[in-house]
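Everything below belongs to entry28.tsv, which stores TSV, C-alpha atoms.
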chain	number	residue	atom	x	y	z
H	1	MET	CA	-0.64	-14.03	-12.12
H	2	ALA	CA	0.88	-16.65	-9.86
H	3	ALA	CA	-1.11	-19.54	-8.47
H	4	THR	CA	-3.10	-19.11	-5.29
H	5	ALA	CA	-1.47	-20.40	-2.14
H	6	PRO	CA	-3.41	-23.24	-0.52
H	7	ALA	CA	-5.72	-21.90	2.20
H	8	ALA	CA	-3.90	-23.77	4.94
H	9	ALA	CA	-0.39	-22.82	3.84
H	10	THR	CA	1.98	-21.91	6.62
H	11	ALA	CA	5.69	-21.22	6.65
H	12	PRO	CA	8.20	-22.10	9.37
H	13	ASP	CA	9.36	-19.31	11.66
H	14	CYS	CA	6.80	-16.85	10.30
H	15	PRO	CA	5.35	-14.66	13.07
H	16	LEU	CA	2.13	-14.16	11.09
H	17	CYS	CA	1.70	-17.91	10.72
H	18	ASP	CA	2.52	-18.48	14.39
H	19	GLY	CA	0.21	-15.83	15.85
H	20	ASP	CA	-2.40	-13.19	15.10
H	21	GLY	CA	0.21	-10.42	14.98
H	22	GLY	CA	-1.67	-7.99	17.24
H	23	ALA	CA	-4.95	-7.47	19.05
H	24	LEU	CA	-7.55	-9.37	17.06
H	25	VAL	CA	-10.43	-7.20	15.85
H	26	TRP	CA	-12.06	-9.61	13.41
H	27	ARG	CA	-11.26	-12.97	11.89
H	28	GLY	CA	-12.71	-14.43	8.73
H	29	ALA	CA	-11.98	-17.58	6.77
H	30	LYS	CA	-9.35	-15.89	4.62
H	31	LEU	CA	-8.07	-12.90	6.54
H	32	ARG	CA	-8.04	-11.18	9.90
H	33	VAL	CA	-7.81	-7.60	11.11
H	34	ILE	CA	-5.59	-6.72	14.02
H	35	ARG	CA	-4.86	-3.52	15.91
H	36	ALA	CA	-1.12	-2.90	16.08
H	37	GLN	CA	0.73	-1.19	18.90
H	38	GLU	CA	3.02	1.22	17.11
H	39	ALA	CA	4.26	4.09	19.25
H	40	GLY	CA	2.91	7.43	18.06
H	41	PHE	CA	0.23	6.00	15.77
H	42	PRO	CA	-2.91	5.43	17.83
H	43	ALA	CA	-5.03	4.02	15.01
H	44	PHE	CA	-2.80	1.54	13.22
H	45	TYR	CA	-4.44	-1.63	11.88
H	46	ARG	CA	-3.33	-4.52	9.74
H	47	VAL	CA	-5.30	-6.74	7.40
H	48	VAL	CA	-3.42	-10.04	7.53
H	49	TRP	CA	-4.01	-12.80	4.98
H	50	ASN	CA	-4.44	-16.01	6.95
H	51	ALA	CA	-2.52	-18.30	4.58
H	52	HIS	CA	1.15	-17.67	4.05
H	53	ALA	CA	1.54	-15.76	0.79
H	54	ALA	CA	4.33	-13.30	0.16
H	55	GLU	CA	3.01	-11.11	-2.62
H	56	PHE	CA	-0.35	-9.58	-3.51
H	57	THR	CA	-0.24	-11.41	-6.87
H	58	ASP	CA	0.22	-14.73	-5.08
H	59	LEU	CA	-3.53	-14.33	-4.47
H	60	ASP	CA	-5.92	-15.00	-7.33
H	61	ALA	CA	-8.18	-12.21	-8.57
H	62	GLY	CA	-11.08	-13.15	-6.32
H	63	ASP	CA	-8.89	-13.23	-3.24
H	64	ARG	CA	-7.28	-9.92	-4.18
H	65	LEU	CA	-10.73	-8.37	-4.42
H	66	HIS	CA	-11.74	-9.82	-1.05
H	67	CYS	CA	-8.51	-8.62	0.53
H	68	MET	CA	-8.80	-5.07	-0.77
H	69	GLU	CA	-12.47	-4.79	0.16
H	70	ALA	CA	-11.39	-5.68	3.70
H	71	VAL	CA	-8.73	-2.96	3.52
H	72	ALA	CA	-11.42	-0.56	2.30
H	73	ALA	CA	-13.71	-1.57	5.17
H	74	VAL	CA	-11.01	-0.77	7.71
H	75	GLU	CA	-10.21	2.50	5.98
H	76	ALA	CA	-13.87	3.52	5.83
H	77	ALA	CA	-14.41	2.79	9.52
H	78	LEU	CA	-11.34	4.82	10.45
H	79	ARG	CA	-12.41	7.74	8.29
H	80	ALA	CA	-15.85	7.72	9.86
H	81	HIS	CA	-14.75	7.36	13.49
H	82	VAL	CA	-11.33	8.94	13.94
H	83	GLN	CA	-11.41	11.58	11.19
H	84	PRO	CA	-7.77	11.27	10.13
H	85	ASP	CA	-6.08	13.85	7.94
H	86	LYS	CA	-4.96	11.00	5.69
H	87	ILE	CA	-5.10	7.24	5.46
H	88	ASN	CA	-1.91	5.38	4.57
H	89	LEU	CA	-2.11	1.92	3.00
H	90	ALA	CA	0.90	-0.29	2.44
H	91	ALA	CA	1.92	-3.89	1.85
H	92	LEU	CA	5.69	-4.07	2.18
H	93	GLY	CA	6.68	-7.36	3.82
H	94	ASN	CA	10.43	-6.95	3.45
H	95	MET	CA	10.96	-8.22	6.97
H	96	VAL	CA	7.90	-10.46	7.33
H	97	PRO	CA	7.04	-11.74	3.84
H	98	HIS	CA	3.51	-12.83	4.76
H	99	LEU	CA	0.91	-10.62	3.10
H	100	HIS	CA	-0.33	-7.92	5.48
H	101	TRP	CA	-1.77	-4.54	4.66
H	102	HIS	CA	-1.01	-1.66	6.98
H	103	VAL	CA	-4.03	0.65	7.31
H	104	ILE	CA	-2.88	3.68	9.27
H	105	ALA	CA	-4.83	6.77	10.28
H	106	ARG	CA	-2.48	9.71	9.97
H	107	PHE	CA	-2.85	13.12	11.58
H	108	ALA	CA	-1.13	16.40	10.79
H	109	TRP	CA	0.02	16.48	14.41
H	110	ASP	CA	1.47	12.96	14.52
H	111	SER	CA	5.16	12.42	15.13
H	112	HIS	CA	6.03	11.63	11.50
H	113	PHE	CA	3.50	13.52	9.36
H	114	PRO	CA	3.75	14.20	6.42
H	115	GLY	CA	6.49	11.59	6.23
H	116	ALA	CA	5.81	7.88	6.11
H	117	VAL	CA	5.57	6.14	9.49
H	118	TRP	CA	8.87	4.44	8.56
H	119	ALA	CA	10.63	7.76	7.86
H	120	ALA	CA	12.35	10.18	10.22
H	121	LEU	CA	10.62	11.73	13.22
H	122	GLN	CA	9.19	15.17	12.43
H	123	ARG	CA	8.14	16.32	15.89
H	124	GLU	CA	7.43	15.18	19.44
H	125	ARG	CA	4.44	12.96	20.10
H	126	ALA	CA	1.18	14.50	21.31
H	127	PRO	CA	-0.09	12.13	24.05
H	128	GLU	CA	-3.35	13.99	24.70
H	129	ARG	CA	-4.32	13.92	21.07
H	130	GLU	CA	-3.30	10.27	20.81
H	131	SER	CA	-5.61	9.56	23.75
H	132	GLU	CA	-8.49	11.36	22.05
H	133	VAL	CA	-8.05	9.09	19.05
H	134	ALA	CA	-7.72	5.99	21.22
H	135	ALA	CA	-11.07	6.83	22.81
H	136	CYS	CA	-12.72	6.45	19.38
H	137	LEU	CA	-11.27	3.04	18.55
H	138	ALA	CA	-13.96	0.89	20.13
H	139	ALA	CA	-16.60	2.51	17.93
H	140	ALA	CA	-14.31	2.32	14.90
H	141	GLU	CA	-13.71	-1.38	15.49
H	142	SER	CA	-17.40	-2.12	15.88
H	143	ALA	CA	-18.04	-0.44	12.54
H	144	MET	CA	-15.10	-2.30	11.00
H	145	ALA	CA	-16.34	-5.68	12.22
H	146	ALA	CA	-19.84	-4.98	10.87
H	147	ARG	CA	-18.49	-4.05	7.46
H	148	LEU	CA	-16.12	-7.01	7.40
H	149	ALA	CA	-18.90	-9.44	8.29
H	150	GLN	CA	-20.77	-8.26	5.20
H	151	LEU	CA	-17.83	-9.30	3.04
H	152	ALA	CA	-17.43	-12.73	4.56
X	1	MET	CA	-18.02	4.27	1.46
X	2	ALA	CA	-17.74	7.87	0.27
X	3	ALA	CA	-19.14	9.03	-3.03
X	4	THR	CA	-17.10	8.57	-6.18
X	5	ALA	CA	-15.27	11.65	-7.38
X	6	PRO	CA	-16.44	12.85	-10.79
X	7	ALA	CA	-14.23	11.43	-13.55
X	8	ALA	CA	-13.03	14.87	-14.64
X	9	ALA	CA	-12.31	16.16	-11.11
X	10	THR	CA	-9.13	18.13	-10.74
X	11	ALA	CA	-7.74	20.13	-7.85
X	12	PRO	CA	-5.79	23.38	-7.98
X	13	ASP	CA	-2.01	23.15	-7.43
X	14	CYS	CA	-2.00	19.36	-7.55
X	15	PRO	CA	1.06	18.01	-9.38
X	16	LEU	CA	-0.81	14.83	-10.35
X	17	CYS	CA	-3.64	16.87	-11.85
X	18	ASP	CA	-1.21	19.17	-13.64
X	19	GLY	CA	1.04	16.48	-15.15
X	20	ASP	CA	1.59	12.76	-15.58
X	21	GLY	CA	3.95	12.61	-12.60
X	22	GLY	CA	6.71	10.64	-14.36
X	23	ALA	CA	7.54	8.84	-17.56
X	24	LEU	CA	4.24	7.63	-18.98
X	25	VAL	CA	4.10	3.85	-19.50
X	26	TRP	CA	0.39	3.44	-20.15
X	27	ARG	CA	-2.72	5.60	-19.96
X	28	GLY	CA	-6.29	4.43	-19.71
X	29	ALA	CA	-9.58	6.23	-19.20
X	30	LYS	CA	-9.37	6.04	-15.40
X	31	LEU	CA	-5.73	5.64	-14.50
X	32	ARG	CA	-2.21	5.78	-15.80
X	33	VAL	CA	1.07	4.04	-15.00
X	34	ILE	CA	4.27	6.03	-14.80
X	35	ARG	CA	7.90	5.12	-14.17
X	36	ALA	CA	9.32	7.22	-11.36
X	37	GLN	CA	12.92	8.38	-11.04
X	38	GLU	CA	13.78	7.62	-7.44
X	39	ALA	CA	17.48	7.36	-6.73
X	40	GLY	CA	18.48	3.84	-5.74
X	41	PHE	CA	15.26	2.17	-6.85
X	42	PRO	CA	15.60	1.25	-10.51
X	43	ALA	CA	12.14	-0.28	-10.92
X	44	PHE	CA	9.79	2.13	-9.19
X	45	TYR	CA	6.36	2.63	-10.78
X	46	ARG	CA	3.21	4.44	-9.81
X	47	VAL	CA	-0.40	3.73	-10.69
X	48	VAL	CA	-2.01	7.18	-10.67
X	49	TRP	CA	-5.78	7.62	-10.63
X	50	ASN	CA	-6.59	10.20	-13.31
X	51	ALA	CA	-9.32	12.06	-11.42
X	52	HIS	CA	-8.41	13.86	-8.23
X	53	ALA	CA	-9.38	11.62	-5.31
X	54	ALA	CA	-7.53	11.60	-2.01
X	55	GLU	CA	-8.40	8.25	-0.50
X	56	PHE	CA	-8.87	4.71	-1.80
X	57	THR	CA	-12.44	4.73	-0.44
X	58	ASP	CA	-13.22	7.87	-2.41
X	59	LEU	CA	-13.44	5.40	-5.31
X	60	ASP	CA	-16.49	3.19	-5.59
X	61	ALA	CA	-16.11	-0.59	-5.43
X	62	GLY	CA	-15.83	-1.01	-9.19
X	63	ASP	CA	-13.14	1.63	-9.45
X	64	ARG	CA	-11.26	0.16	-6.50
X	65	LEU	CA	-11.24	-3.21	-8.25
X	66	HIS	CA	-10.02	-1.66	-11.49
X	67	CYS	CA	-7.32	0.27	-9.66
X	68	MET	CA	-6.00	-2.73	-7.76
X	69	GLU	CA	-6.04	-4.97	-10.82
X	70	ALA	CA	-3.84	-2.35	-12.47
X	71	VAL	CA	-1.54	-2.45	-9.44
X	72	ALA	CA	-1.49	-6.25	-9.74
X	73	ALA	CA	-0.66	-6.00	-13.44
X	74	VAL	CA	2.34	-3.80	-12.70
X	75	GLU	CA	3.45	-6.08	-9.89
X	76	ALA	CA	3.12	-9.20	-12.03
X	77	ALA	CA	5.15	-7.69	-14.87
X	78	LEU	CA	7.89	-6.64	-12.44
X	79	ARG	CA	7.98	-10.09	-10.84
X	80	ALA	CA	8.27	-11.73	-14.24
X	81	HIS	CA	10.89	-9.40	-15.71
X	82	VAL	CA	13.07	-8.02	-12.93
X	83	GLN	CA	12.84	-10.85	-10.36
X	84	PRO	CA	12.74	-8.67	-7.26
X	85	ASP	CA	13.27	-10.06	-3.79
X	86	LYS	CA	10.06	-8.32	-2.75
X	87	ILE	CA	7.40	-6.03	-4.13
X	88	ASN	CA	6.34	-3.04	-2.03
X	89	LEU	CA	2.89	-1.51	-2.55
X	90	ALA	CA	1.78	1.70	-0.90
X	91	ALA	CA	-0.75	4.51	-1.20
X	92	LEU	CA	0.28	7.21	1.26
X	93	GLY	CA	-0.44	10.64	-0.25
X	94	ASN	CA	0.46	12.67	2.81
X	95	MET	CA	2.28	15.20	0.64
X	96	VAL	CA	0.32	14.80	-2.60
X	97	PRO	CA	-3.22	13.74	-1.64
X	98	HIS	CA	-4.15	12.50	-5.11
X	99	LEU	CA	-4.52	8.72	-5.17
X	100	HIS	CA	-1.35	7.06	-6.45
X	101	TRP	CA	-0.07	3.57	-5.72
X	102	HIS	CA	3.66	3.05	-5.45
X	103	VAL	CA	4.68	-0.31	-6.94
X	104	ILE	CA	8.33	-0.81	-6.12
X	105	ALA	CA	10.61	-3.73	-6.96
X	106	ARG	CA	12.90	-4.25	-3.98
X	107	PHE	CA	16.18	-6.10	-3.88
X	108	ALA	CA	18.18	-7.42	-0.96
X	109	TRP	CA	21.12	-5.34	-2.24
X	110	ASP	CA	19.21	-2.06	-2.60
X	111	SER	CA	20.22	0.94	-0.52
X	112	HIS	CA	17.30	0.66	1.94
X	113	PHE	CA	16.40	-3.04	2.11
X	114	PRO	CA	14.83	-4.43	4.26
X	115	GLY	CA	13.64	-0.99	5.35
X	116	ALA	CA	10.95	0.95	3.53
X	117	VAL	CA	12.16	3.20	0.73
X	118	TRP	CA	11.20	6.12	3.00
X	119	ALA	CA	13.30	4.84	5.91
X	120	ALA	CA	16.98	5.28	6.67
X	121	LEU	CA	19.71	4.27	4.26
X	122	GLN	CA	21.07	0.77	4.99
X	123	ARG	CA	24.05	0.63	2.63
X	124	GLU	CA	25.67	2.25	-0.39
X	125	ARG	CA	23.96	2.00	-3.76
X	126	ALA	CA	25.02	-0.70	-6.22
X	127	PRO	CA	25.13	1.07	-9.62
X	128	GLU	CA	26.02	-2.03	-11.64
X	129	ARG	CA	23.13	-4.01	-10.23
X	130	GLU	CA	20.82	-1.05	-10.73
X	131	SER	CA	21.90	-0.98	-14.38
X	132	GLU	CA	21.16	-4.69	-14.77
X	133	VAL	CA	17.63	-4.04	-13.53
X	134	ALA	CA	17.24	-0.98	-15.73
X	135	ALA	CA	18.11	-3.12	-18.75
X	136	CYS	CA	15.01	-5.25	-18.07
X	137	LEU	CA	12.53	-2.38	-17.82
X	138	ALA	CA	11.60	-2.13	-21.50
X	139	ALA	CA	10.44	-5.75	-21.47
X	140	ALA	CA	8.69	-5.28	-18.13
X	141	GLU	CA	6.85	-2.23	-19.44
X	142	SER	CA	5.74	-4.03	-22.60
X	143	ALA	CA	4.29	-6.80	-20.45
X	144	MET	CA	2.69	-4.25	-18.15
X	145	ALA	CA	1.06	-2.38	-21.03
X	146	ALA	CA	-0.29	-5.62	-22.48
X	147	ARG	CA	-1.80	-6.64	-19.14
X	148	LEU	CA	-3.21	-3.17	-18.53
X	149	ALA	CA	-4.83	-3.06	-21.97
X	150	GLN	CA	-6.75	-6.22	-21.06
X	151	LEU	CA	-8.24	-4.42	-18.07
X	152	ALA	CA	-9.30	-1.33	-19.96

As structure tokens, please, write out the structure in this file.
Amino acid sequence: MAATAPAAATAPDCPLCDGDGGALVWRGAKLRVIRAQEAGFPAFYRVVWNAHAAEFTDLDAGDRLHCMEAVAAVEAALRAHVQPDKINLAALGNMVPHLHWHVIARFAWDSHFPGAVWAALQRERAPERESEVAACLAAAESAMAARLAQLA
Amino acid sequence: MAATAPAAATAPDCPLCDGDGGALVWRGAKLRVIRAQEAGFPAFYRVVWNAHAAEFTDLDAGDRLHCMEAVAAVEAALRAHVQPDKINLAALGNMVPHLHWHVIARFAWDSHFPGAVWAALQRERAPERESEVAACLAAAESAMAARLAQLA
């Protein structure tokens, strides 16, 4: 496995070095969780590694474990509070090569299901259902923050 | 976190319970690694949990660690042997809700880069470059199997 990036590593012109990348839900020494605003996906979060690292294996084994337990904490809170039909997890980074895990609650009624959120539209959006989910996010984020604090 | 699925759990009509899901590279007690045949992506692997579990948090913490260290082993072997421009990791499962991690070597010249493999085509395929990558897979898979055996 590759060497761990220094904790303070940043890269020029990287939007995830320059800013949080969304509405901050929780910040720890090594990573943060943000709520993204992605049209049609009302419960879309990202676990962002604080230091600039492109690939999962740029983290050492301990940091990988910490990172994925944070992803699991976000997933668990979403499952408990927004009852998605599926959770989608992904670390792509083709456009922003700074490690960030998408944690996305998916619903059978959402605009792209069962396709990936990056795939073609399947149907019109359902604003009322999106609002029902949005109403659960405060509770989900409280649960998330509590679980994340236990990892820190 | 939800309870761990029993190790022998299977589900009816699940293609990842009924078969390996691709060309078997390595099989352990809890998971297997297969090479997928996905047009345009010459180094596309999946880490498939052997028991039927839909979500990452259906695994307990020890199994999550084991699963992600297998994902890291596949990623590390691909980085070392096929020198991708980026690795993409994803567990979606909207169509086949049996936990499987896509581990995909991405190249700036591939048909969909920098989009997700599920997104719209960006350019024509490059068969000669795909063949150059394919020629490295035997070595990548030997390295993968060696790393995976250390986890087992």

Go ahead and fit an axis-aligned box to every listed atom of region 121-133 of chain H plus 8 Å each side, and pass me the centre and edge lengths in Å, one decimal, as JSON.
{"center_x": 1.1, "center_y": 12.7, "center_z": 18.6, "size_x": 35.1, "size_y": 23.2, "size_z": 28.3}

**OP:** Quote the spacing between CA of Leu78 (chain X) and CA of Trp49 (chain H) in Å to one decimal place.
**Re:** 22.0 Å

**OP:** Pick out the residues sitting within 12 Å of Cys67 (chain X), and hand them over as an MDAnalysis selection string; count all atoms listed in the file, and ignore anything fewer than 5 positions along from it in its own chain.
**Re:** (chainID H and resid 64:65 68) or (chainID X and resid 28:33 46:50 56:57 59:62 72:74 91 99:101 148 151:152)

Original post:
Could you name the residues that touch Leu16 (chain X) at 8 Å or less, counting all atoms listed in the file, but leaving out those on the same chain fewer than 2 positions away, as a list in words?
Top reply: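 That gives Cys14, Asp18, Gly19, Asp20, Gly21, Val48, Asn50, His52, Val96 and His98 of chain X.
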
Just-selected residues, C-alpha atoms written as a tab-separated table (two decimals), keeping the file's coordinate frame:
chain	number	residue	atom	x	y	z
X	14	CYS	CA	-2.00	19.36	-7.55
X	18	ASP	CA	-1.21	19.17	-13.64
X	19	GLY	CA	1.04	16.48	-15.15
X	20	ASP	CA	1.59	12.76	-15.58
X	21	GLY	CA	3.95	12.61	-12.60
X	48	VAL	CA	-2.01	7.18	-10.67
X	50	ASN	CA	-6.59	10.20	-13.31
X	52	HIS	CA	-8.41	13.86	-8.23
X	96	VAL	CA	0.32	14.80	-2.60
X	98	HIS	CA	-4.15	12.50	-5.11

**OP:** Output as a PyMOL selection string the set of chain H residues within 6 Å of chain X, with distances taken over only C-alpha atoms.
**Re:** chain H and resi 88-92+94+114+118-119

Original post:
CA of Tyr45 (chain H) to CA of Asp63 (chain X): how many Å, to one decimal?
Top reply: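 Taking CA of Tyr45 (chain H) as the start and CA of Asp63 (chain X) as the end point, the length is 23.3 Å.
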
**OP:** Would you mind listing what lies within 8 Å of region 134-137 of chain H as an MDAnalysis selection string, with all atoms listed in the file counted and same-chain residues fewer than 2 positions away left out?
**Re:** chainID H and resid 42:43 81:82 130:132 139:141

**OP:** Calculate how many Å separate CA of Ala149 (chain X) from CA of Ala105 (chain X), rounding to one decimal.
**Re:**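 Rounded to one decimal, the two atoms are 21.5 Å apart.
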
Original post:
Taking into account only C-alpha atoms, which residue in the set X:Ala23, X:Ala51, X:Ala39, X:Val133 is nearest to Thr10 (chain X)?
Top reply: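 When distances to Thr10 (chain X) are compared using only C-alpha atoms, the smallest one comes from X:Ala51.
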
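Minimum atom-to-atom distance to Arg27 (chain H), evaluated using all atoms listed in the file, belongs to H:Ala145 out of H:Glu124, H:Ala145, H:Gln150, H:Ala138.
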
For C-alpha atoms, please extract region 10-51 of chain H from the block and return it as a CSV table (one decimal), in the first residue's frame.
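So part_4.csv came out as:
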chain,number,residue,atom,x,y,z
H,10,THR,CA,-3.3,20.2,0.5
H,11,ALA,CA,-3.2,20.6,-3.2
H,12,PRO,CA,-3.5,23.8,-5.3
H,13,ASP,CA,-6.8,24.4,-7.0
H,14,CYS,CA,-8.6,21.6,-5.2
H,15,PRO,CA,-12.1,22.5,-4.2
H,16,LEU,CA,-12.0,20.0,-1.3
H,17,CYS,CA,-8.8,21.5,0.0
H,18,ASP,CA,-10.2,25.1,-0.4
H,19,GLY,CA,-13.6,24.5,1.3
H,20,ASP,CA,-15.8,22.0,3.1
H,21,GLY,CA,-17.6,21.0,-0.1
H,22,GLY,CA,-21.1,21.3,1.2
H,23,ALA,CA,-23.1,21.9,4.4
H,24,LEU,CA,-20.9,20.7,7.2
H,25,VAL,CA,-22.6,18.1,9.4
H,26,TRP,CA,-19.5,17.0,11.4
H,27,ARG,CA,-15.8,17.6,11.4
H,28,GLY,CA,-13.2,15.4,13.0
H,29,ALA,CA,-9.4,15.6,13.0
H,30,LYS,CA,-9.1,13.4,9.9
H,31,LEU,CA,-12.4,13.7,8.0
H,32,ARG,CA,-15.6,15.6,7.7
H,33,VAL,CA,-19.2,14.8,6.7
H,34,ILE,CA,-21.1,17.2,4.5
H,35,ARG,CA,-24.6,17.3,3.1
H,36,ALA,CA,-24.6,17.8,-0.6
H,37,GLN,CA,-27.2,19.6,-2.7
H,38,GLU,CA,-27.8,17.3,-5.6
H,39,ALA,CA,-31.1,17.8,-7.4
H,40,GLY,CA,-33.4,14.8,-7.0
H,41,PHE,CA,-31.4,13.2,-4.2
H,42,PRO,CA,-32.7,14.6,-0.9
H,43,ALA,CA,-30.3,12.6,1.4
H,44,PHE,CA,-26.9,12.8,-0.3
H,45,TYR,CA,-23.9,13.0,2.0
H,46,ARG,CA,-20.2,12.9,1.5
H,47,VAL,CA,-17.4,11.7,3.8
H,48,VAL,CA,-14.5,13.9,2.9
H,49,TRP,CA,-10.9,13.0,4.0
H,50,ASN,CA,-9.4,16.3,5.3
H,51,ALA,CA,-5.9,15.8,3.9
